[in-house]
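K.L.:
Below you will find the structure I want to go over with you.
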Amino acid sequence: MGLTDPEKNLALDHARRVREMFARISPRYDLLNHLLSANIDRRWRQAVVRKLQPLLTVNAQILDVGCGTGDLSIALFEKTAARVIGVDFCHPMLEIATRKAPRLRFIEGDALRLPFPDAAFDAVTIGFGLRNLASVEHGLAELRRVLKPQGWVAVLEFSQPATPGIRALVALYYKQILPWIGGWLSGSPSAYEYLPDSISHFPNQQKLVTMMREAGFEEVSFQNLTGGIAALHTGRRM
Ligand SMILES: C[S@@+](CC[C@H](N)C(=O)[O-])C[C@H]1O[C@@H](n2cnc3c(N)ncnc32)[C@H](O)[C@@H]1O
């Protein structure tokens with residue numbers, strides 16, 4: 001990654017904290033996802049499937065990075081003819097994914113050092129994972145590395161609502177309601193304080209387009225989901 005030693009230590013510390021946090025909330029992760037988003041998270045993942053479906057050939061191989069409990073991997077597997085591998089660095093999340101979909105392959109690995117050779121996949125997805133990486137730039141570079149030329153990347157992530165009114169309402173929800181319910185049901189209030197904090201530090205739609213282009217992706221575009229509460233960015237490795 002070309003980092004100095006202090007930068008490496010910071011990145012390792014960040015990764016450890018994120019991994020431990022997801023391990024703590026893993027038993028309630030799915031329930032809270034669906035509850036806190038009023039089930040809209042399912043529709044957001046379906047948007048990824050709809051976008052990639054026409055772009056994939058029959059035997060396409062997809063890597064789902066930061067697959068967590070597997071919901072995006074499973075949606076991709078069920079709706080496309082592709083072979084799907086999920087990768088995540090949090091073992092308890094992967095255990096749940098494997099229980100839900102024993103026929104899929106889930107592998108333990110770090111998104112910043114993916115355990116795959118260059119140009120191995122026809123498509124790479126990352127759903128609500130990029131925001132959690134120590135470096136978005138390095139994450140994008142690693143996603144690109146494992147993509148075949150002409151392959152597609154799809155980044156599903158929380159983003160910035162397009163209209164000020166919705167932005168204010170969502171900010172209120174993130175600050176006042178989400179940490180309270182999330183903390184109560186998961187037993188880990190800090191995880192649900194981290195969530196809005198990480199969203200607020202994540203690049204907005206246009207900035208992420210720029211970063212994806214800088215990482216070497218072409219044909220980069222995005223679609224807002226639910227008024228921009230989330231966004232789906234796609235790009236192609238040439
Ligand atoms: C918010 S969850 C998203 C899970 C799933 N993609 C979904 O749509 O529900 C983020 C996941 O990214 C994983 N993650 C975060 N940083 C990672 C890294 N550096 N390498 C691999 N997985 C990582 C976490 O362990 C967690 O399972």
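For the structure tokens, the naming scheme is as follows: chains receive sequential letters (A, B, ...) according to their order of presentation, residues are indexed from 1 within each chain, and ligands are indexed from 1 in presentation order.
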Do a neighbour search on region 26-34 of chain A at 12 Å with only C-alpha atoms, toss out local chain neighbours closer than 4 positions, and write the hits as a PyMOL selection string.

P.N.:
chain A and resi 18-22+38-45+68-72+90-97+100+128+178-188+191-192+195

K.L.:
Could you name the residues that touch region 155-171 of chain A at 7 Å or less, counting only C-alpha atoms, but leaving out those on the same chain fewer than 2 positions away, as a list in words?

P.N.:
Thr125, Ile126, Gly127, Phe128, Val153, Tyr173, Tyr174, Lys175, Ile199, Asn204, Gln205, Gly227, Gly228, Ile229, Ala230, Ala231, Leu232, His233 and Thr234 of chain A

K.L.:
Report as a ChimeraX atom specification: the residues of region 20-100 of chain A with a DSSP assignment of strand (DSSP E), based on the backbone of this structure.

P.N.:
/A:61-65,83-88

K.L.:
Between A:Gln53, A:Asn9, A:Thr210, A:Asn132, which one has atoms that come closest to ligand 1, using only C-alpha atoms and all ligand atoms?

P.N.:
A:Asn132

K.L.:
So which residues touch region 55-58 of chain A within 9 Å, counting only C-alpha atoms, skipping near sequence neighbours fewer than 4 positions away, as number ranges by chain?

P.N.:
A: 51, 80-82, 122-123, 151-152

K.L.:
In Å to one decimal, how far is atom 20 (N, counted along the ligand's line) of ligand 1 from CA of Gln176 (chain A)?

P.N.:
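Here the two named atoms are 28.9 Å from each other.
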